[in-house]
Amino acid sequence: MSATLERIPWWRDRRVVPWIVQAVVGLALLLVITLLVGNLVRNLTAAGLLLSWRWLGQPASFDVAESLIPFDASMPYWRALLVGLVNSLRVILVGLVGATLLGTAMGMASFSGNGLLRRLARVYVELIRNIPLLLQLLFWYFVVFLALPNGTAAFQLPGIVLSKSGLYLAWFAQGLSWQGPELVNGVWQAPLRLSVEFTALLTGLITYTGAFVAEVVRGGIASVPKGQWEAATSLGLHWSASMRSVVLPQALRVIVPGLNSQYISLAKNSSLAVAVGYVDLYSVSETTLNQTGRALEVFLLLLGSYLIIDLLISAVMNGVNQLVQIRER
Amino acid sequence: MTSIQPGPESGTNQPLRPARPAPESVQPSWAGALRQELFASRTDGLVSVLLILVILAAALGLLRWALAQAQWAVIQANTSLFAIGRYPIQQQWRLWLLVVLVAGLSGVSWGLLRAFPRADRSGEIWPFNDRLAVVLLGFLAAWLPAALALGLPLQLRWWVITALLVTMRCLAGSWGRSLPSRLVRLVPLSWPLLYLFGMVLIAGGLGIPRVPPSEWGGLLLTLLMASFAILLSFPIGVVVALGRRSSLPLLRWSSVLYIEFIRGAPLITLLFLGQNILGYMLPGGWAPDRVWRAAWVLTLFCGAYLAEAVRAGLTAVPPGQLEAARSLGLSMPLALQRVVLPQALRIALPAAVGQFISLLQDTTLLSLIGLLDLLGTARTVMANPEFLGKNAEVYLTLAVLFWCCCAALGLGSRALERRLDPTHSPV
């Protein structure tokens with residue numbers, strides 16, 4: 001009896017099978033990777049494009065429409081890529097704040113007592129989520145923002161002017177004097193001007209991500225037991241007070257991890273800037289590739305930059321997550 | 001890009017409202033319900049009136065623009081470009097044949113679905129939703145070709161196709177039960193066969209002239225890319241998800257590496273990789289056409305996100321299920337196939353469909369690498385001096401098209417979810 005038990009065929013032996021599986025998979029992966037990398041090295045060597053970073057120091061010889069740090073065409077490629085990165089970070093940061101505000105408002109609106117407001121929030125989410133972001137960005141840029149009037153016909157609010165040439169905001173100018181936008185010779189001027197490309201990209205990203213954030217917020221609020229709300233109400237708290245002091249603090253535990261992935265996808269989606277002519281990291285990289293042919297290096301730089309941005313967002317959100325956890329006794 | 005997680009049903013969205021008065025015994029009237037919904041308090045009333053005014057103004061503005069100002073000629077003149085791109089005219093019969101086959105098979109499948117009642121749906125052969133769908137189809141067939149100003153021969157073709165769909169639906173609904181069950185079982189199998197046959201029809205081969213991928217375009221290319229990526233990414237997603245949860249370190253780490261690499265990068269940089277670097281990585285002559293390169297990138301991209309959805313499903317299956325299956329003597333592959341995966345995939349379904357919806361949307365990125373998908377075609381049309389500045393018309397049409405496709409996918413996913421719900425299945 002024991003003799004038959006010991007005679008397990010090797011293909012069913014649990015001590016052997018895992019190793020065989022791993023060996024086969026490992027061999028297959030090794031083969032594929034060797035083939036791919038081998039070809040890559042051979043072909044790049046033949047083309048004279050094998051990994052080298054010396055070209056980063058050569059003058060870029062292209063101009064960038066808008067930049068937060070000084071840049072001109074005689075500056076090296078690394079500087080151009082840095083300009084792109086800073087531009088990307090700018091739109092990501094402002095977008096994060098905007099999407100959070102809009103999404104929270106819409107997520108809370110879907111719990112409003114007002115039936116119309118509640119349904120409007122649903123319509124917003126369903127409308128935005130089912131239309132491709134790229135299409136929305138092109139719509140905002142070409143249909144909405146490029147159709148805006150210029151000069152005196154521009155939309156004007158106290159401290160804000162929105163025209164075809166951009167968004168003009170009041171800001172501190174020369175020291176601490178508060179200065180609004182003003183029309184000089186038919187051209188708007190203001191201490192703070194956002195280009196129309198930036199504004200369109202930002203609007204598109206905020207409305208798009210806002211819908212996803214609204215869903216996250218809605219899920220978070222829905223996860224708070226109804227009794228919490230009733231208890232707050234029976235203590236005499238008003239709707240907004242119950243939401244602020246009782247429901248939201250508990251909902252945040254669920255909301256923050258969901259926000260993390262939405263923030264990361266906003267950061268990645270910002271690379272669609274190239275479609276509306278905003279010069280972000282991807283846009284600069286594409287120009288760089290066209291001029292230098294350094295596909296591999298440019299790709300590695302792109303990949304590394306977005307990876308670092310993703311990790312940064314995750315790290316910050318993990319910190320926030322620690323903060324909002326409810327410490328139980 | 002973003003994975004869409006369908007939230008809980010919107011209908012369960014309970015308004016959180018303060019202190020509700022004790023329910024009265026009288027039935028709330030229509031006006032009373034409206035009052036409760038919109039004018040419960042003074043602030044509510046103010047907000048409602050403001051919102052109603054804004055909505056009315058927006059709707060009127062849109063309507064006036066669409067009927068009076070918009071020039072829809074840009075759509076009407078380019079319908080075939082939007083639909084199939086530069087597909088050669090003499091070969092277009094192949095696409096018509098494909099549409100006819102798809103319509104016929106859809107009708108048969110739809111009818112059979114109703115002919116065999118299950119516990120999760122009423123036994124009616126013509127439930128309300130189906131009658132609604134047929135009316136909608138009839139309306140679309142009557143209105144759409146006319147609105148697009150198609151010629152009479154084309155209009156006739158669409159009427160015939162719609163009639164075929166509805167007829168097959170009626171026939172299969174009425175006579176489906178008397179068909180031999182072996183024949184009925186062939187119907188689900190015929191869909192993958194039709195897909196392969198459709199590929200041959202579109203691309204050529206097997207005796208019919210080849211049409212290179214560079215001549216596919218418009219909606220045809222978009223649907224082709226999306227369906228290809230969705231179909232192939234599913235096995236990839238399942239395998240990688242199993243790999244990520246495997247106890248074998250090599251499998252686990254290679255899966256993690258793949259998933260994190262794909263998820264860390266924006267899709268456009270991966271398409272960039274496919275267009276600019278993949279050619280260097282393959283032996284000369286192996287590199288596929290630009291269209292297929294993009295299709296493979298989309299597939300691998302979707303596979304990584306799908307793997308995460310499936311992994312969530314796998315995590316939700318209690319470990320006791322696998323242990324029980326193993327202790328019954330099932331081998332690991334058999335236990336996964338028969339016990340774990342059916343449960344995990346059902347749980348993963350909403351997230352997976354959300355992923356498919358976002359993949360369908362992500363095909364628009366192909367226009368950024370110069371392919372002529374629906375959006376790419378639209379941009380070439382608008383670059384035509386004859387149609388310069390007709391952005392609003394074109395983008396709105398595209399938006400409506402995408403919205404309908406994505407919303408239909410979402411609806412289908414919810415229906416499938418209800419069907420697969422074990423608490424609803426027949427006893």
# chains A, B, ... in the order shown; residues from 1 in each chain; ligands from 1
$ residues_around --residues "stretch 161-172 of chain A" --least-positions-apart "2" --cutoff "7 Å" --atoms "only C-alpha atoms" --output "PyMOL selection string"
chain A and resi 145-150+154-157+159+174-181+190-196+199
$ residues_around --residues "A:Leu50" --least-positions-apart "5" --cutoff "8 Å" --atoms "only C-alpha atoms" --output "PyMOL selection string"
chain A and resi 41+44-45
$ write_last_selection --atoms "C-alpha atoms" --output "CSV table (one decimal), in the first residue's frame"
chain,number,residue,atom,x,y,z
A,41,VAL,CA,21.2,46.8,-29.2
A,44,LEU,CA,20.5,50.8,-32.5
A,45,THR,CA,24.3,50.2,-32.9
$ closest_atom_pairs --of "chain A" --to "chain B" --cutoff "6 Å" --atoms "only C-alpha atoms" --output "CSV"
residue,atom,partner,partner_atom,distance
A:Leu36,CA,B:Met281,CA,4.7
A:Asn39,CA,B:Met281,CA,5.0
A:Leu40,CA,B:Met281,CA,4.5
A:Asn43,CA,B:Tyr280,CA,5.7
A:Phe111,CA,B:Pro15,CA,4.7
A:Ser112,CA,B:Pro15,CA,5.9
A:Gly113,CA,B:Arg17,CA,5.4
A:Asn114,CA,B:Leu38,CA,5.3
A:Gly115,CA,B:Glu37,CA,4.7
A:Asn130,CA,B:Trp403,CA,4.9
A:Ile131,CA,B:Trp403,CA,5.4
A:Pro132,CA,B:Gln361,CA,4.6
A:Val143,CA,B:Ala392,CA,5.5
A:Thr233,CA,B:Pro18,CA,5.9
A:Ser265,CA,B:Thr2,CA,5.6
A:Lys268,CA,B:Pro266,CA,4.8
A:Leu303,CA,B:Ala265,CA,5.9
A:Leu307,CA,B:Gly264,CA,5.6
$ atom_distance --atom1 "atom CA of A:Tyr306" --atom2 "atom CA of A:Asn260"
14.8 Å
$ select_by_dssp --residues "stretch 109-264 of chain A" --states "strand (DSSP E or B)" --output "PyMOL selection string"
chain A and resi 155-157+160-163+166-169+171-173+177-179+182-184+187-189+192-194
$ closest_residue --among "B:Leu95, B:Leu314, B:Leu416, B:Leu219" --to "B:Val200" --atoms "only C-alpha atoms"
B:Leu95
$ decode --residues "stretch 71-92 of chain B" --atoms "N, CA and C atoms" --output "compact mmCIF listing (two decimals), in the first residue's frame"
# COMPACT_ATOMS: atom_id res chain seq x y z
N GLN B 71 -24.13 73.80 -39.40
CA GLN B 71 -24.21 73.33 -40.78
C GLN B 71 -23.79 71.87 -40.80
N TRP B 72 -24.78 71.01 -40.89
CA TRP B 72 -24.51 69.59 -40.76
C TRP B 72 -24.00 68.98 -42.05
N ALA B 73 -23.80 69.82 -43.06
CA ALA B 73 -23.31 69.29 -44.33
C ALA B 73 -21.97 68.58 -44.15
N VAL B 74 -21.19 69.06 -43.17
CA VAL B 74 -19.87 68.46 -42.97
C VAL B 74 -19.99 66.97 -42.60
N ILE B 75 -21.06 66.63 -41.88
CA ILE B 75 -21.28 65.22 -41.55
C ILE B 75 -21.87 64.50 -42.76
N GLN B 76 -22.88 65.15 -43.36
CA GLN B 76 -23.59 64.50 -44.47
C GLN B 76 -22.66 64.19 -45.64
N ALA B 77 -21.72 65.11 -45.90
CA ALA B 77 -20.86 64.91 -47.07
C ALA B 77 -19.79 63.85 -46.81
N ASN B 78 -19.54 63.53 -45.55
CA ASN B 78 -18.43 62.64 -45.24
C ASN B 78 -18.85 61.36 -44.53
N THR B 79 -20.11 60.97 -44.66
CA THR B 79 -20.56 59.80 -43.90
C THR B 79 -19.70 58.58 -44.16
N SER B 80 -19.35 58.34 -45.42
CA SER B 80 -18.61 57.10 -45.68
C SER B 80 -17.20 57.21 -45.12
N LEU B 81 -16.63 58.42 -45.15
CA LEU B 81 -15.31 58.61 -44.56
C LEU B 81 -15.35 58.34 -43.06
N PHE B 82 -16.37 58.86 -42.40
CA PHE B 82 -16.50 58.63 -40.96
C PHE B 82 -16.73 57.16 -40.66
N ALA B 83 -17.47 56.50 -41.52
CA ALA B 83 -17.82 55.11 -41.23
C ALA B 83 -16.66 54.17 -41.50
N ILE B 84 -16.03 54.28 -42.65
CA ILE B 84 -15.03 53.27 -43.01
C ILE B 84 -13.72 53.85 -43.49
N GLY B 85 -13.55 55.17 -43.46
CA GLY B 85 -12.30 55.75 -43.92
C GLY B 85 -12.12 55.59 -45.41
N ARG B 86 -10.90 55.27 -45.83
CA ARG B 86 -10.61 55.18 -47.27
C ARG B 86 -10.65 53.75 -47.77
N TYR B 87 -11.57 52.97 -47.25
CA TYR B 87 -11.71 51.59 -47.71
C TYR B 87 -12.11 51.61 -49.18
N PRO B 88 -11.41 50.82 -50.04
CA PRO B 88 -11.69 50.91 -51.49
C PRO B 88 -13.16 50.66 -51.83
N ILE B 89 -13.69 51.46 -52.72
CA ILE B 89 -15.13 51.40 -53.02
C ILE B 89 -15.53 50.04 -53.58
N GLN B 90 -14.64 49.48 -54.47
CA GLN B 90 -15.07 48.22 -55.09
C GLN B 90 -15.08 47.08 -54.08
N GLN B 91 -14.48 47.27 -52.92
CA GLN B 91 -14.45 46.19 -51.93
C GLN B 91 -15.49 46.38 -50.83
N GLN B 92 -16.28 47.45 -50.95
CA GLN B 92 -17.17 47.74 -49.83
C GLN B 92 -18.27 46.71 -49.64
